[in-house]
Amino acid sequence: MKIMKFGGTSVGSPERIRSVAALVAGLDEPMVVVLSAMSGTTNSLVEIAGSLRNNNPDEAREKINLLEKRYEQVVSDLFETSEYMDKGAEMIRNHFRYLDSFTQDLFTANEVKCVLAQGELISTALFQFHLEERNIPSVLLPALNFMRIDREQEPDQYYIRENIQRETDKYPDNRLFITQGFICRNAYGEIDNLRRGGSDYSASLIGSAVDASTIVIWTDIDGFHDNDPRFVEQTHPIAELSFDEAAELAYFGAKILHPSTILPAKVAGIPVIIKNTLDPGATGTTISDKPAGKGVKAIAAKDGITAIRVKSGRMLLAYGFMRKVFEIFELYKTPIDMITTSEISVSVTIDDLTHLTQVTGDLQHYGTVEVDHDQTIVCAVGEGISSETNIAAGLFKALEGIPIRMISYGGSQNNISILIPSAFKKQALNALSSHLFSH
Ligand code: ADP
Ligand code: ASP
Ligand code: MG
């Protein structure tokens, strides 16, 4: 079994949907096709949910109508027969009537997730109808019947494996399954999701659950690039990455993969291949357990970081201080990314500010606390780079003139992370690319 995940741009228009259908129909391996919502849809749904949360049903209705118009056009362009135009139109009407129903009543926080789920439910229904219209045998598997997260918001891998198996076993002769990325149920059976960009994660969780041979992530670029193409002009695709390299890059902000995508694939030993739907012949990137050569492979950046420094004379020659500091973050379920320490102070970074006031309030019992917002972690990734001579020296030379707030070196063999004010991000990414990859 092979997993093929198509992102928002890859199914972003009737024309794109047709070429994805042609691509999957032309392959003869059994397959689970995981689809995102059509591009722009989840953003529109986030805005609709925002208007509803702000008690502005009129504004929400306007946005719902606008999005519905877009889908009416998609239906009329995608289908050829009146039978499927009618089926498509009715399906769209039902989803939008459902969205409309939220404008009539009080809107609860849980219902946000129901609104966000509509994008993937619609894209997969359109795709399935399109395959049926073209007489391509396939089965639509509802992700809400097998994809599930537990109380800690972590995927319930046992449940997923059992249930997807049960669902696919109902169709022993079928070779092409279609399902939704991103959406799932939570521990209470409610509709939930795997966070923005989560369809990649769905693909790797499904891959691991069905013991897939490969997980192919089809997107709008020809593979993992050596820097973020949204900020750097000259970037190049990387042919091979190790699981560890790709995991660090995804975690530290490379938007091309959801941060959690790699782990299930790595544990199950399933290669992840990134391909371009707009240029299927391009090599793309293969991510596997094969060592992928020396040197820095790529740079990634993660925004929205806050640095917290705790300074205390009591830390000098004392033991147990760090434990107390970390317990506070644990108490408020706030993950820490980077850490640096000196004899009398410790700095950490976080990106979840939900409990910032409580965290800093408690930290004040142990010393003076300083908080710096709007920071960016820039990280260089490559297997073993922290034990190669001259790599760090080169990075710092490239960053000349850029204020550095923290450095993390040696924590991972594969990663050198530097915290800088976000205002310097673009300059830093470009300087690193010209230093590392221009020849
Ligand atoms: P999809 O909708 O297919 O999931 P995404 O927009 O989530 O696509 O991810 C692809 C985009 O990620 C690219 O178009 C590119 O702008 C951005 N990106 C950021 N960093 C990288 C990188 N290192 N390599 C390739 N693309 C990157
Ligand atoms: N549609 C979802 C999003 O836009 C999930 C995804 O595209 O991966 O975040
Ligand atoms: Mg994505």
# chains A, B, ... in the order shown; residues from 1 in each chain; ligands from 1
>>> residues_near_ligand(ligand="ligand 3", cutoff="8 Å", atoms="only C-alpha atoms and all ligand atoms", output="list in words")
Gly7, Gly8, Arg196, Gly197, Gly198, Ser199, Asp200, Thr219, Lys255, Ile256, Leu257 and His258 of chain A
>>> closest_atom_pairs(of="chain A", to="ligand 2", cutoff="9 Å", atoms="only C-alpha atoms and all ligand atoms", output="tab-separated table")
residue	atom	partner	partner_atom_place_in_ligand_line	distance
A:Phe6	CA	ligand 2	7 (O)	8.7
A:Gly7	CA	ligand 2	7 (O)	5.6
A:Gly8	CA	ligand 2	7 (O)	5.5
A:Thr9	CA	ligand 2	7 (O)	8.9
A:Leu35	CA	ligand 2	7 (O)	8.1
A:Ser36	CA	ligand 2	7 (O)	4.7
A:Ala37	CA	ligand 2	1 (N)	4.6
A:Met38	CA	ligand 2	1 (N)	7.4
A:Ser39	CA	ligand 2	4 (O)	7.2
A:Gly40	CA	ligand 2	4 (O)	7.3
A:Thr41	CA	ligand 2	1 (N)	7.2
A:Thr42	CA	ligand 2	4 (O)	4.8
A:Asn43	CA	ligand 2	4 (O)	6.6
A:Leu116	CA	ligand 2	1 (N)	8.1
A:Ala117	CA	ligand 2	1 (N)	8.2
A:Gly119	CA	ligand 2	1 (N)	6.6
A:Glu120	CA	ligand 2	1 (N)	6.5
A:Gly181	CA	ligand 2	8 (O)	6.5
A:Phe182	CA	ligand 2	5 (C)	4.9
A:Ile183	CA	ligand 2	5 (C)	8.0
A:Asn193	CA	ligand 2	5 (C)	8.5
A:Leu194	CA	ligand 2	5 (C)	8.0
A:Arg195	CA	ligand 2	9 (O)	6.5
A:Arg196	CA	ligand 2	9 (O)	3.3
A:Gly197	CA	ligand 2	8 (O)	3.2
A:Gly198	CA	ligand 2	8 (O)	4.3
A:Ser199	CA	ligand 2	8 (O)	3.7
A:Asp200	CA	ligand 2	8 (O)	5.8
A:Tyr201	CA	ligand 2	8 (O)	7.9
A:Ser202	CA	ligand 2	8 (O)	8.4
A:Leu257	CA	ligand 2	8 (O)	8.7
A:His258	CA	ligand 2	8 (O)	7.5
>>> closest_residue(among="A:Met1, A:Met91, A:Glu132, A:Pro421", to="Gly207 (chain A)", atoms="only C-alpha atoms")
A:Met1
>>> closest_residue(among="A:Leu399, A:Ile339, A:Ala246, A:Ile420", to="ligand 1", atoms="only C-alpha atoms and all ligand atoms")
A:Ala246
>>> residues_around(residues="region 351-362 of chain A", least_positions_apart="4", cutoff="9 Å", atoms="only C-alpha atoms", output="PyMOL selection string")
chain A and resi 303-308+325+328-329+331-337+366+369-371
>>> select_by_dssp(residues="region 288-431 of chain A", states="alpha helix (DSSP H)", output="JSON, numbers by chain")
{"A": [321, 322, 323, 324, 325, 326, 327, 328, 329, 330, 331, 356, 357, 358, 359, 360, 361, 362, 363, 391, 392, 393, 394, 395, 396, 397, 398, 425, 426, 427, 428, 429, 430, 431]}
>>> residues_around(residues="Ile418 (chain A)", least_positions_apart="2", cutoff="10 Å", atoms="only C-alpha atoms", output="PDB file with N, CA, C and O atoms, in the first residue's frame")
ATOM      1  N   ALA A 301      13.459  28.462   9.696  1.00  0.00           N
ATOM      2  CA  ALA A 301      13.237  29.507  10.698  1.00  0.00           C
ATOM      3  C   ALA A 301      11.856  29.357  11.310  1.00  0.00           C
ATOM      4  O   ALA A 301      10.884  29.060  10.616  1.00  0.00           O
ATOM      5  N   MET A 338      14.435  26.122  23.072  1.00  0.00           N
ATOM      6  CA  MET A 338      15.886  26.290  23.263  1.00  0.00           C
ATOM      7  C   MET A 338      16.188  26.613  24.713  1.00  0.00           C
ATOM      8  O   MET A 338      15.372  27.199  25.412  1.00  0.00           O
ATOM      9  N   THR A 376      12.913  34.977  16.534  1.00  0.00           N
ATOM     10  CA  THR A 376      12.882  33.901  15.537  1.00  0.00           C
ATOM     11  C   THR A 376      14.048  32.952  15.785  1.00  0.00           C
ATOM     12  O   THR A 376      15.170  33.408  16.000  1.00  0.00           O
ATOM     13  N   ILE A 377      13.755  31.651  15.761  1.00  0.00           N
ATOM     14  CA  ILE A 377      14.851  30.675  15.820  1.00  0.00           C
ATOM     15  C   ILE A 377      15.268  30.393  14.385  1.00  0.00           C
ATOM     16  O   ILE A 377      14.441  29.978  13.559  1.00  0.00           O
ATOM     17  N   VAL A 378      16.533  30.635  14.078  1.00  0.00           N
ATOM     18  CA  VAL A 378      17.062  30.268  12.765  1.00  0.00           C
ATOM     19  C   VAL A 378      17.930  29.050  12.999  1.00  0.00           C
ATOM     20  O   VAL A 378      18.775  29.061  13.895  1.00  0.00           O
ATOM     21  N   CYS A 379      17.682  27.988  12.245  1.00  0.00           N
ATOM     22  CA  CYS A 379      18.525  26.837  12.527  1.00  0.00           C
ATOM     23  C   CYS A 379      19.108  26.220  11.272  1.00  0.00           C
ATOM     24  O   CYS A 379      18.483  26.180  10.210  1.00  0.00           O
ATOM     25  N   ALA A 380      20.365  25.806  11.428  1.00  0.00           N
ATOM     26  CA  ALA A 380      21.084  25.129  10.348  1.00  0.00           C
ATOM     27  C   ALA A 380      21.036  23.644  10.677  1.00  0.00           C
ATOM     28  O   ALA A 380      21.296  23.247  11.811  1.00  0.00           O
ATOM     29  N   LEU A 395      29.026  30.136  10.049  1.00  0.00           N
ATOM     30  CA  LEU A 395      27.664  30.641  10.285  1.00  0.00           C
ATOM     31  C   LEU A 395      27.720  32.007  10.964  1.00  0.00           C
ATOM     32  O   LEU A 395      27.024  32.944  10.574  1.00  0.00           O
ATOM     33  N   PHE A 396      28.569  32.115  11.974  1.00  0.00           N
ATOM     34  CA  PHE A 396      28.626  33.380  12.702  1.00  0.00           C
ATOM     35  C   PHE A 396      29.217  34.495  11.841  1.00  0.00           C
ATOM     36  O   PHE A 396      28.801  35.644  11.935  1.00  0.00           O
ATOM     37  N   LEU A 399      26.534  35.827   9.798  1.00  0.00           N
ATOM     38  CA  LEU A 399      25.531  36.603  10.544  1.00  0.00           C
ATOM     39  C   LEU A 399      26.092  37.912  11.114  1.00  0.00           C
ATOM     40  O   LEU A 399      25.433  38.547  11.949  1.00  0.00           O
ATOM     41  N   ILE A 404      22.331  38.702  18.094  1.00  0.00           N
ATOM     42  CA  ILE A 404      21.992  37.317  18.465  1.00  0.00           C
ATOM     43  C   ILE A 404      21.606  37.292  19.944  1.00  0.00           C
ATOM     44  O   ILE A 404      22.334  37.812  20.788  1.00  0.00           O
ATOM     45  N   ARG A 405      20.458  36.705  20.239  1.00  0.00           N
ATOM     46  CA  ARG A 405      19.967  36.678  21.624  1.00  0.00           C
ATOM     47  C   ARG A 405      20.354  35.374  22.337  1.00  0.00           C
ATOM     48  O   ARG A 405      20.647  35.353  23.519  1.00  0.00           O
ATOM     49  N   MET A 406      20.336  34.249  21.590  1.00  0.00           N
ATOM     50  CA  MET A 406      20.713  32.960  22.189  1.00  0.00           C
ATOM     51  C   MET A 406      21.355  32.074  21.124  1.00  0.00           C
ATOM     52  O   MET A 406      21.081  32.222  19.933  1.00  0.00           O
ATOM     53  N   ILE A 407      22.163  31.110  21.589  1.00  0.00           N
ATOM     54  CA  ILE A 407      22.767  30.129  20.680  1.00  0.00           C
ATOM     55  C   ILE A 407      22.583  28.754  21.294  1.00  0.00           C
ATOM     56  O   ILE A 407      22.787  28.586  22.492  1.00  0.00           O
ATOM     57  N   SER A 408      22.194  27.782  20.479  1.00  0.00           N
ATOM     58  CA  SER A 408      22.142  26.414  20.988  1.00  0.00           C
ATOM     59  C   SER A 408      23.037  25.557  20.108  1.00  0.00           C
ATOM     60  O   SER A 408      22.790  25.379  18.911  1.00  0.00           O
ATOM     61  N   TYR A 409      24.100  25.039  20.719  1.00  0.00           N
ATOM     62  CA  TYR A 409      25.122  24.315  19.965  1.00  0.00           C
ATOM     63  C   TYR A 409      25.452  23.044  20.733  1.00  0.00           C
ATOM     64  O   TYR A 409      25.709  23.100  21.937  1.00  0.00           O
ATOM     65  N   ASN A 415      22.058  19.978  14.518  1.00  0.00           N
ATOM     66  CA  ASN A 415      21.351  21.244  14.510  1.00  0.00           C
ATOM     67  C   ASN A 415      22.137  22.317  15.249  1.00  0.00           C
ATOM     68  O   ASN A 415      22.603  22.094  16.358  1.00  0.00           O
ATOM     69  N   ILE A 416      22.282  23.477  14.615  1.00  0.00           N
ATOM     70  CA  ILE A 416      22.815  24.642  15.326  1.00  0.00           C
ATOM     71  C   ILE A 416      21.721  25.705  15.259  1.00  0.00           C
ATOM     72  O   ILE A 416      21.294  26.084  14.166  1.00  0.00           O
ATOM     73  N   ILE A 420      17.256  35.152  17.052  1.00  0.00           N
ATOM     74  CA  ILE A 420      17.472  36.557  16.664  1.00  0.00           C
ATOM     75  C   ILE A 420      16.122  37.292  16.690  1.00  0.00           C
ATOM     76  O   ILE A 420      15.065  36.640  16.622  1.00  0.00           O
TER      77      ILE A 420
END
>>> closest_atom_pairs(of="region 296-397 of chain A", to="region 275-291 of chain A", cutoff="12 Å", atoms="only C-alpha atoms", output="Markdown table")
| residue | atom | partner | partner_atom | distance |
| --- | --- | --- | --- | --- |
| A:Lys297 | CA | A:Pro291 | CA | 11.9 |
| A:Gly382 | CA | A:Pro291 | CA | 10.2 |
| A:Glu383 | CA | A:Pro291 | CA | 7.7 |
| A:Gly384 | CA | A:Pro291 | CA | 10.3 |
>>> atom_distance(atom1="CA of Val34 (chain A)", atom2="CA of Phe102 (chain A)")
27.6 Å
>>> select_by_dssp(residues="region 86-193 of chain A", states="strand (DSSP E or B)", output="list in words")
Val139, Leu140, Leu141, Arg148, Ile149, Pro155, Leu176, Phe177, Ile178, Thr179, Gln180, Ile183, Cys184, Arg185, Ile191, Asp192 and Asn193 of chain A
>>> residues_around(residues="region 211-214 of chain A", least_positions_apart="6", cutoff="8 Å", atoms="only C-alpha atoms", output="list in words")
Met1, Lys2, Ile3, Ala268, Ile270, Pro271, Val272 and Ile273 of chain A
>>> closest_residue(among="A:Glu68, A:Glu111, A:Asp228, A:Asp77", to="ligand 1", atoms="only C-alpha atoms and all ligand atoms")
A:Asp228
>>> closest_residue(among="A:Gly313, A:Pro137, A:Pro229, A:Gly367", to="ligand 1", atoms="only C-alpha atoms and all ligand atoms")
A:Pro229
>>> atom_distance(atom1="CA of Ser417 (chain A)", atom2="CA of Gly320 (chain A)")
26.3 Å
>>> residues_around(residues="Ser312 (chain A)", least_positions_apart="3", cutoff="10 Å", atoms="only C-alpha atoms", output="ChimeraX atom specification")
/A:309,315-316,321,343-346,364-369
>>> residues_around(residues="Met147 (chain A)", least_positions_apart="2", cutoff="9 Å", atoms="only C-alpha atoms", output="list in words")
Pro142, Ala143, Leu144, Asn145, Ile149, Pro155, Asp156, Gln157, Tyr159, Ile160, Arg161, Asn163, Ile164, Ile183, Cys184, Arg185, Asn186, Ser202, Leu205 and Ile206 of chain A
